[in-house]
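Worksheet: one structure, shown below.
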Amino acid sequence: MSEKLVLIDGHSILNRAFFGIPDLTNSEGLHTNAVYGFLNILFKILEEEQPNYLTVAFDVSQPTFRHKMYAEYKGTRKPMAEELREQVPLMKEMLKAMGVTIVEKGGYEADDILGTIAKRSEAEGLEVSVVSGDRDLLQLATDHIKIRIPKTKRTGTEIEDYNTKEVLDKYHVTPIEFIDVKALMGDTSDNIPGVPGIGEKTATALIAQYGSIENCYAHVDEIKPPRASKNLKENYELAQMSKTLATIEIHADIDYDLQSARLEQIKDLYTEEAYLLCKRLEFKNMLGRFEVDAPKNQAEEHFKLVTEKKEAEKIFAKIKGIECAFQIIPMEEKKDANMDAGGQMNLFAAPQTNEFLGMAVCFGEKDTYFFKAGEELTSSVLSDLLTHSEAAGYMTLDLKPQLGLLHMIEQRENGCLNQKNIFDNVIAAYLLNPLKNEYPYEDIAKDYCSLMIPSRVDLLGKSGYDLAMDEKPEGFLKTVCFMAYTAFSSKKAMMEELKATGMEQLYETIEMPLVFTLADMEHTGIAIDAANLKEYGEKLAVRIKELETRIYQEAGEEFNINSPKQLGVILFEKLEMPYGKKTKTGYSTAADVLDKLAPEYPIVADILEYRQLTKLKSTYADGLANYIKEDGRIHTSFNQTITVTGRLSSTEPNLQNIPMRIELGRLIRKAFLPAKGCVFMDADYSQIELRVLAHMSGDEKLIEAYREAQDIHRITASQVFHIPFDEVTDLQRRNAKAVNFGIVYGISSFGLSQDLSISKKEAAEYIERYFETYPKIKTFLDGLVEDAKKNGYVTTMFGRRRPVPELSSSNFMQRSFGERVAMNAPIQGTAADIIKIAMIRVHDRLLEEHLKSRLIITVHDELLIETAEDEIDRVKEILTEGMQQAADLKVALAIDLHTGKNWYEAK
DNA sequence: ACGATCACG
DNA sequence: ACGTACGTGATCGTT
């Protein structure tokens with residue numbers, strides 16, 4: 001069998017990948033989508049073809065001969081998008097790292113290089129595949145040269161293949177004739193002028209009949225229709241030039257050594273260099289290909305396993321007076337002491353004494369230990385050893401879940417390990433770059449120590465830690481040791497970076513203390529009346545059943561109402577309702593679309609109610625019940641490193657989106673109860689974001705407005721529309737309120753017009769009047785966008801940063817998004833900073849005064865305290881003062897405070 | 001795994 | 001001409 005060569009049109013495939021794959025950016029801000037897409041196509045082709053040779057051709061950036069000819073004819077090509085341009089050198093670097101032969105030569109386009117190499121190689125008896133996104137290359141197709149055109153589809157990449165036969169079938173001309181077709185019809189994207197008035201149809205017909213442009217002219221008077229004949233006669237030179245432009249050079253003067261392009265096996269591409277580059281570009285799922293080749297890290301040689309208590313004590317004694325990193329992996333599910341795997345009682349099982357599987361400790365380049373929890377050296381013993389080790393300072397990755405295991409919940413101190421001397425590298429990494437979704441240890445090691453270390457997935461695969469401990473003890477040990485090693489090694493650089501970016505204070509006085517506050521809140525949890533929840537769910541079920549029956553009747557058939565796809569077909573095809581919007585996948589059935597149809601079609605109103613009720617039942621009534629623990633309470637997780645603005649988020653379950661706006665949903669809050677002898681005390685900031693805006697912009701009129709009126713939206717309306725306060729209509733107030741919201745979101749006339757159902761022009765007028773009334777707000781917001789453009793980030797009052805990479809995008813939509821983000825982030829972020837300060841103060845105060853009351857929930861601008869009945873007055877003072885004095889603004893930080901015997905009443 | 005939808009601030 | 005308000009998470013259906 002003959003040998004195989006794969007030739008790739010570098011720029012063309014890069015280009016295709018760039019437009020086919022949504023924007024990807026690594027944490028350095030490098031755009032990487034094109035490189036990523038290119039590699040995917042490359043690997044797919046290689047795996048399919050298993051070629052013996054591989055070569056990639058690139059254009060050189062200077063204008064080429066063919067290009068120049070056309071440039072004289074009509075301007076120049078459109079410049080390449082910046083996000084793509086920066087990926088060209090990156091792509092070449094990647095290919096070089098993989099040892100792939102790259103051919104490029106000034107004066108030639110990639111087409112010419114591909115054509116020349118393809119023809120030469122064919123002559124030498126090879127099977128050639130040319131991979132390109134460009135149909136121009138079809139002229140090269142023969143029985144031994146296959147043109148492969150990848151298409152990015154939703155289902156993945158599909159490749160169209162063309163040999164002579166496929167070209168004939170699809171275009172009704174031979175590959176050589178294809179040149180002439182192209183020359184006649186022209187191609188704007190390829191800068192081929194073509195003959196005016198001749199399109200694809202005529203060109204194909206002419207060439208199919210006459211075989212070439214030259215022969216067309218030989219018979220030009222026979223040609224029909226006469227219009228085509230006339231056009232041809234008048235544009236002879238243009239046709240000639242087009243043909244030259246369309247013809248790919250196959251005798252280019254290039255040096256190409258086939259043997260140096262040899263590829264023994266695909267695995268040869270997975271070099272260490274390429275691995276490192278993939279890591280840098282953060283192509284995580286690409287790394288799987290490199291399995292065996294992950295380079296070893298020096299530190300790994302010094303990881304030691306310790307199981308003896310005596311030895312452990314000796315090692316912990318060494319930590320005194322120096323810094324030490326520790327890392328515990330909590331058990332994913334607490335194993336019940338007396339149950340066996342099947343959940344049966346097992347009276348003979350040893351009692352479960354270990355709360356965690358082991359602890360890694362690192363206090364030097366050559367001192368990383370893994371202490372495996374066992375019978376004598378229990379997790380509790382390990383905790384004590386650590387907390388009494390008298391280190392000068394500690395570091396760890398993701399402290400919060402470890403605090404309980406170290407017996408530090410609700411205790412401000414435990415031995416010498418106290419909250420003042422712990423550094424959490426993940427929290428620091430989040431502050432330094434809040435854009436990432438996760439902060440795995442290998443990223444921290446890479447970003448702050450330039451260390452390349454194997455990731456958890458490299459070492460353990462995708463299995464959970466618990467399983468890994470049993471199945472891959474080696475990998476488990478290494479993972480935890482690498483985490484401690486990373487925490488130890490990166491602290492210094494991270495601390496310096498925090499100082500350099502002005503976030504040291506934010507880190508030390510807000511984020512770190514908050515870790516302890518949140519741990520306490522999660523630990524306390526909130527009580528739920530399961531019976532109440534169940535009853536509520538049953539009530540919903542009855543009504544849902546009714547609605548279901550009616551909807552099926554009205555539709556004339558049964559279908560899945562929860563499927564937007566099926567619902568779309570029923571409403572817009574079967575029942576022929578006018579559809580408003582469309583989504584990528586079909587008709588939109590979103591609430592705002594259905595709202596407009598509801599008055600006319602009873603079925604739509606029923607569907608809306610059905611949606612509402614099933615949402616309440618599945619997410620809240622049934623959903624929350626699954627999270628009730630043995631203590632009758634729900635313990636949510638407050639995540640501190642998720643949002644880009646500095647807010648917290650809540651998961652498993654999310655207690656920050658419990659229904660409120662609609663009465664029926666709001667009733668769920670009656671199932672949230674205070675402990676016996678307690679009431680709920682709930683306080684929320686009144687328009688904190690608008691107040692922050694007033695302060696940060698320094699706009700006197702808005703500040704003044706806050707000093708005198710309770711109803712800020714009404715006074716805004718009065719000032720913007722120049723009417724007396726008492727004469728503001730409800731509509732005017734509603735409009736003013738929408739504008740106030742819009743301002744905080746980074747206003748756009750389109751967004752406001754959508755919200756108020758008015759024209760874009762009217763919305764623009766509102767905004768203009770608003771800015772006339774409060775001129776400093778406009779100056780402030782414009783300044784934020786300017787800052788963001790200049791620095792690449794914006795900051796909150798307390799120094800929190802939000803990078804805004806979208807502002808440098810060449811895409812209008814992305815850039816506009818960047819502008820809105822630049823306006824919103826400092827406001828939303830400052831509000832988040834403020835409530836965090838309040839939380840810490842309130843929480844700490846409750847502990848200092850040894851009160852029984854506990855802070856248990858936060859919802860962005862709201863705090864909920866489970867308050868002992870005999871402490872109500874004092875807690876009210878603490879909460880009020882804690883929230884109002886959290887920041888010193890030019891306007892007061894007003895709060896609304898309520899108490900009640902459940903969350904419904906307290907809010 | 002991802003999009004559509006909808007709950008909250 | 002482009003085509004959107006800012007920030008989240010859970011559930012469901014579809015791929």
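Scheme for the structure tokens: letters A, B, ... for chains in order shown; per-chain residue numbers from 1; ligand numbers from 1 in order shown.
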Residues of chain A within 10 Å of chain B, counting only C-alpha atoms (C1' of nucleotides), as an mmCIF file with N, CA and C atoms, in the first residue's frame:
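Written file, iface11.cif:
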```
data_model
loop_
_atom_site.group_PDB
_atom_site.id
_atom_site.type_symbol
_atom_site.label_atom_id
_atom_site.label_comp_id
_atom_site.auth_asym_id
_atom_site.auth_seq_id
_atom_site.Cartn_x
_atom_site.Cartn_y
_atom_site.Cartn_z
ATOM 1 N N ASN A 562 -43.386 20.311 29.781
ATOM 2 C CA ASN A 562 -42.097 20.847 30.227
ATOM 3 C C ASN A 562 -41.048 20.895 29.116
ATOM 4 N N SER A 563 -41.378 20.317 27.977
ATOM 5 C CA SER A 563 -40.421 20.353 26.878
ATOM 6 C C SER A 563 -40.688 21.566 25.984
ATOM 7 N N PRO A 564 -39.789 22.540 26.009
ATOM 8 C CA PRO A 564 -39.993 23.732 25.177
ATOM 9 C C PRO A 564 -40.154 23.356 23.705
ATOM 10 N N LYS A 565 -39.488 22.283 23.310
ATOM 11 C CA LYS A 565 -39.549 21.862 21.916
ATOM 12 C C LYS A 565 -40.971 21.390 21.546
ATOM 13 N N THR A 583 -35.384 30.954 19.480
ATOM 14 C CA THR A 583 -34.088 30.653 20.079
ATOM 15 C C THR A 583 -33.285 29.883 19.049
ATOM 16 N N LYS A 584 -32.046 29.548 19.428
ATOM 17 C CA LYS A 584 -31.188 28.809 18.501
ATOM 18 C C LYS A 584 -31.841 27.491 18.082
ATOM 19 N N THR A 585 -32.611 26.913 19.010
ATOM 20 C CA THR A 585 -33.124 25.572 18.753
ATOM 21 C C THR A 585 -34.562 25.555 18.256
ATOM 22 N N SER A 588 -39.213 30.361 20.853
ATOM 23 C CA SER A 588 -39.078 30.670 22.273
ATOM 24 C C SER A 588 -40.437 30.536 22.947
ATOM 25 N N THR A 589 -40.451 29.855 24.073
ATOM 26 C CA THR A 589 -41.685 29.763 24.854
ATOM 27 C C THR A 589 -41.482 30.408 26.217
ATOM 28 N N ALA A 590 -40.540 31.358 26.291
ATOM 29 C CA ALA A 590 -40.228 32.018 27.558
ATOM 30 C C ALA A 590 -41.435 32.812 28.044
ATOM 31 N N ALA A 591 -41.453 33.088 29.336
ATOM 32 C CA ALA A 591 -42.618 33.706 29.968
ATOM 33 C C ALA A 591 -43.021 35.015 29.298
ATOM 34 N N ARG A 611 -46.311 26.055 34.617
ATOM 35 C CA ARG A 611 -44.858 26.257 34.742
ATOM 36 C C ARG A 611 -44.509 26.736 36.146
ATOM 37 N N GLN A 612 -45.249 27.750 36.579
ATOM 38 C CA GLN A 612 -44.987 28.343 37.887
ATOM 39 C C GLN A 612 -45.076 27.288 38.990
ATOM 40 N N LYS A 615 -42.419 24.512 38.870
ATOM 41 C CA LYS A 615 -41.155 25.070 39.353
ATOM 42 C C LYS A 615 -41.138 25.065 40.883
ATOM 43 N N LEU A 616 -42.219 25.569 41.461
ATOM 44 C CA LEU A 616 -42.292 25.627 42.920
ATOM 45 C C LEU A 616 -42.190 24.229 43.523
ATOM 46 N N THR A 619 -38.396 22.426 42.409
ATOM 47 C CA THR A 619 -37.187 23.063 42.945
ATOM 48 C C THR A 619 -37.282 23.321 44.441
ATOM 49 N N TYR A 620 -38.461 23.723 44.889
ATOM 50 C CA TYR A 620 -38.544 24.150 46.290
ATOM 51 C C TYR A 620 -39.211 23.102 47.186
ATOM 52 N N ASN A 654 -29.506 26.158 46.925
ATOM 53 C CA ASN A 654 -29.369 27.603 46.806
ATOM 54 C C ASN A 654 -30.435 28.258 47.687
ATOM 55 N N LEU A 655 -30.004 28.901 48.753
ATOM 56 C CA LEU A 655 -30.970 29.575 49.638
ATOM 57 C C LEU A 655 -31.076 31.052 49.308
ATOM 58 N N GLN A 656 -30.442 31.448 48.194
ATOM 59 C CA GLN A 656 -30.506 32.857 47.805
ATOM 60 C C GLN A 656 -31.541 33.101 46.716
ATOM 61 N N ASN A 657 -32.290 32.058 46.344
ATOM 62 C CA ASN A 657 -33.367 32.323 45.381
ATOM 63 C C ASN A 657 -34.696 31.699 45.815
ATOM 64 N N ILE A 658 -34.934 31.734 47.111
ATOM 65 C CA ILE A 658 -36.220 31.273 47.630
ATOM 66 C C ILE A 658 -37.299 32.284 47.215
ATOM 67 N N PRO A 659 -38.431 31.805 46.675
ATOM 68 C CA PRO A 659 -39.450 32.704 46.120
ATOM 69 C C PRO A 659 -39.865 33.831 47.063
ATOM 70 N N MET A 660 -40.195 34.951 46.454
ATOM 71 C CA MET A 660 -40.444 36.164 47.217
ATOM 72 C C MET A 660 -41.453 37.044 46.481
ATOM 73 N N ARG A 661 -41.268 37.173 45.165
ATOM 74 C CA ARG A 661 -42.031 38.171 44.419
ATOM 75 C C ARG A 661 -43.502 37.781 44.280
ATOM 76 N N GLY A 665 -45.541 31.557 45.926
ATOM 77 C CA GLY A 665 -44.187 31.061 46.139
ATOM 78 C C GLY A 665 -43.631 31.507 47.476
ATOM 79 N N VAL A 859 -28.408 37.039 51.791
ATOM 80 C CA VAL A 859 -28.910 37.058 50.415
ATOM 81 C C VAL A 859 -28.556 38.400 49.765
ATOM 82 N N HIS A 860 -27.277 38.605 49.521
ATOM 83 C CA HIS A 860 -26.753 39.763 48.783
ATOM 84 C C HIS A 860 -26.897 41.106 49.491
ATOM 85 N N ASP A 861 -28.107 41.451 49.925
ATOM 86 C CA ASP A 861 -28.219 42.717 50.655
ATOM 87 C C ASP A 861 -29.012 42.499 51.948
ATOM 88 N N GLU A 862 -29.096 41.241 52.357
ATOM 89 C CA GLU A 862 -29.969 40.870 53.456
ATOM 90 C C GLU A 862 -29.247 39.914 54.401
#
```
Neighbour list for Ile551 in chain A as an mmCIF file with N, CA, C and O atoms, in the first residue's frame, cut-off 10 Å, only C-alpha atoms (C1' of nucleotides), skip fewer than 5 positions in-chain:
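Wrote around-v9.cif, looks like this:
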```
data_model
loop_
_atom_site.group_PDB
_atom_site.id
_atom_site.type_symbol
_atom_site.label_atom_id
_atom_site.label_comp_id
_atom_site.auth_asym_id
_atom_site.auth_seq_id
_atom_site.Cartn_x
_atom_site.Cartn_y
_atom_site.Cartn_z
ATOM 1 N N LYS A 545 -52.234 18.806 38.540
ATOM 2 C CA LYS A 545 -52.981 17.748 37.840
ATOM 3 C C LYS A 545 -54.152 18.347 37.064
ATOM 4 O O LYS A 545 -54.373 18.025 35.895
ATOM 5 N N GLU A 546 -54.873 19.243 37.715
ATOM 6 C CA GLU A 546 -56.005 19.916 37.060
ATOM 7 C C GLU A 546 -55.557 20.623 35.784
ATOM 8 O O GLU A 546 -56.164 20.481 34.723
ATOM 9 N N GLY A 556 -55.726 19.173 22.510
ATOM 10 C CA GLY A 556 -56.249 18.062 21.720
ATOM 11 C C GLY A 556 -55.349 16.849 21.701
ATOM 12 O O GLY A 556 -55.570 15.917 20.954
ATOM 13 N N GLU A 557 -54.293 16.875 22.503
ATOM 14 C CA GLU A 557 -53.421 15.696 22.608
ATOM 15 C C GLU A 557 -52.554 15.812 23.870
ATOM 16 O O GLU A 557 -52.432 16.887 24.461
ATOM 17 N N GLU A 558 -51.965 14.684 24.257
ATOM 18 C CA GLU A 558 -51.065 14.715 25.413
ATOM 19 C C GLU A 558 -49.641 14.930 24.923
ATOM 20 O O GLU A 558 -49.237 14.398 23.891
ATOM 21 N N PHE A 559 -48.917 15.730 25.649
ATOM 22 C CA PHE A 559 -47.506 15.967 25.289
ATOM 23 C C PHE A 559 -46.775 16.402 26.549
ATOM 24 O O PHE A 559 -47.391 16.623 27.594
ATOM 25 N N ILE A 561 -45.426 19.000 28.642
ATOM 26 C CA ILE A 561 -45.556 20.459 28.736
ATOM 27 C C ILE A 561 -44.219 21.087 29.121
ATOM 28 O O ILE A 561 -43.939 22.231 28.810
ATOM 29 N N PRO A 602 -56.571 30.815 26.211
ATOM 30 C CA PRO A 602 -56.654 30.296 27.594
ATOM 31 C C PRO A 602 -55.585 29.249 27.877
ATOM 32 O O PRO A 602 -55.066 29.184 28.995
ATOM 33 N N ILE A 603 -55.225 28.460 26.870
ATOM 34 C CA ILE A 603 -54.246 27.401 27.100
ATOM 35 C C ILE A 603 -52.910 27.997 27.553
ATOM 36 O O ILE A 603 -52.203 27.427 28.390
ATOM 37 N N VAL A 604 -52.586 29.169 27.034
ATOM 38 C CA VAL A 604 -51.303 29.786 27.376
ATOM 39 C C VAL A 604 -51.286 30.217 28.836
ATOM 40 O O VAL A 604 -50.292 30.016 29.547
ATOM 41 N N ALA A 605 -52.396 30.766 29.285
ATOM 42 C CA ALA A 605 -52.479 31.151 30.694
ATOM 43 C C ALA A 605 -52.310 29.920 31.577
ATOM 44 O O ALA A 605 -51.620 29.961 32.604
ATOM 45 N N ASP A 606 -52.937 28.811 31.160
ATOM 46 C CA ASP A 606 -52.796 27.576 31.929
ATOM 47 C C ASP A 606 -51.355 27.077 31.938
ATOM 48 O O ASP A 606 -50.854 26.604 32.959
ATOM 49 N N ILE A 607 -50.699 27.197 30.807
ATOM 50 C CA ILE A 607 -49.305 26.750 30.727
ATOM 51 C C ILE A 607 -48.418 27.583 31.647
ATOM 52 O O ILE A 607 -47.570 27.055 32.357
ATOM 53 N N TYR A 610 -49.045 26.456 35.050
ATOM 54 C CA TYR A 610 -48.452 25.118 35.197
ATOM 55 C C TYR A 610 -46.940 25.221 35.416
ATOM 56 O O TYR A 610 -46.381 24.591 36.311
#
```
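The residues of chain C lying at most 7 Å from chain A, with only C-alpha atoms (C1' of nucleotides) taken into account, are C:DC2, C:DT4, C:DA5, C:DC6, C:DT8, C:DG9, C:DA10, C:DT11, C:DG13.
From CA of Leu5 in chain A back to CA of Tyr53 in chain A, the distance works out to 4.6 Å.
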